[in-house]
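J.: Below you will find the structure I want to go over with you.
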Amino acid sequence: MMISHDSLKSRALADAKTRAEYDALGPEFELLNQLLKARKKAGLTQAAVAERMGTKAPAVARLESSLASEGHSPSIATLRRYADAVGKRLVIRLA
């Protein structure tokens, strides 16, 4: 029997501890979403972004994937270079 992603997610998030962990990652997921949208809107591959940043494609892949996990947090300088590479400006706010 196949289970859909939405169904699996709903089941997982019904658990309070899982929900709290998921909610805690909200800012990282939002930043990842913004990075991916900007790259796609610019019509760029990870390799093209890497070239513009002066790095290699695996570094861009790690940057994007690190935001979807509890892995390494990218520096502001790295995020600024990514933003420049996709034709955007990095803006950081406290709310």
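Letters for chains follow the order of the structure tokens (A, B, ...), residue numbers begin at 1 for each chain, and ligand numbers begin at 1 in the order shown.
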Please, which residues of chain A, numbered as in this document, come out alpha helix (DSSP H) from DSSP, as a PyMOL selection string?
T.: chain A and resi 5-13+16-24+26-41+46-53+57-66+76-85
J.: Tell me which protein, DNA and RNA residues are within 12 Å of Arg62 in chain A, counting only C-alpha atoms, leaving out same-chain ones fewer than 5 positions away, and put them as a ChimeraX atom specification.
T.: /A:32,46,50,55-57,67-69,71-74,78
J.: Put those residues in a file: C-alpha atoms, as a short mmCIF file (atom, residue, chain, number, x, y, z; two decimals), in the first residue's frame.
T.:
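This went into again-v3.cif:
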```cif
data_model
loop_
_atom_site.label_atom_id
_atom_site.label_comp_id
_atom_site.auth_asym_id
_atom_site.auth_seq_id
_atom_site.Cartn_x
_atom_site.Cartn_y
_atom_site.Cartn_z
CA LEU A 32 15.63 27.37 1.57
CA GLN A 46 23.44 24.86 -9.08
CA ALA A 50 28.51 28.01 -8.16
CA THR A 55 32.95 27.83 -6.04
CA LYS A 56 31.94 24.33 -7.19
CA ALA A 57 28.43 22.89 -7.71
CA LEU A 67 19.03 24.44 5.22
CA ALA A 68 16.75 21.39 5.06
CA SER A 69 18.56 19.66 7.90
CA GLY A 71 23.52 20.58 9.49
CA HIS A 72 25.95 23.41 9.04
CA SER A 73 24.49 26.92 8.99
CA PRO A 74 25.82 29.05 6.13
CA THR A 78 27.97 32.92 1.78
#
```
J.: Which residues, written as a list in words, have at least one atom at most 12 Å from Glu51 in chain A, with only C-alpha atoms counted and residues fewer than 3 positions away on the same chain left out?
T.: Leu44, Thr45, Gln46, Ala47, Ala48, Gly54, Thr55, Lys56, Ala57, Pro58, Ala59, Val60, Arg81, Tyr82, Asp84, Ala85 and Val86 of chain A
J.: CA of Pro27 in chain A and CA of Ala95 in chain A are how many Å apart?
T.: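 According to the coordinates, CA of Pro27 in chain A and CA of Ala95 in chain A are separated by 11.6 Å.
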J.: Smallest atom-to-atom distance to Ala42 in chain A: which of A:Ala83, A:Leu63, A:Val91, A:Ala14, using only C-alpha atoms?
T.: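 Of all the options, A:Ala83 lies closest to Ala42 in chain A.
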J.: Would you mind telling me which residue in A:Met53, A:Ala12, A:Leu90, A:Ile3 lies nearest to Leu35 in chain A when using only C-alpha atoms?
T.: A:Leu90
J.: CA of Ala61 in chain A and CA of Asn33 in chain A, how far apart in Å?
T.: 13.8 Å
J.: One decimal, in Å: what's the spacing between CA of Gln34 in chain A and CA of Ser66 in chain A?
T.: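 It comes out at 14.0 Å.
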J.: Smallest atom-to-atom distance to Leu79 in chain A: which of A:Leu94, A:Leu25, A:Leu31, A:Ala20, using only C-alpha atoms?
T.: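 Residue with the minimum atom-to-atom distance to Leu79 in chain A: A:Leu31.
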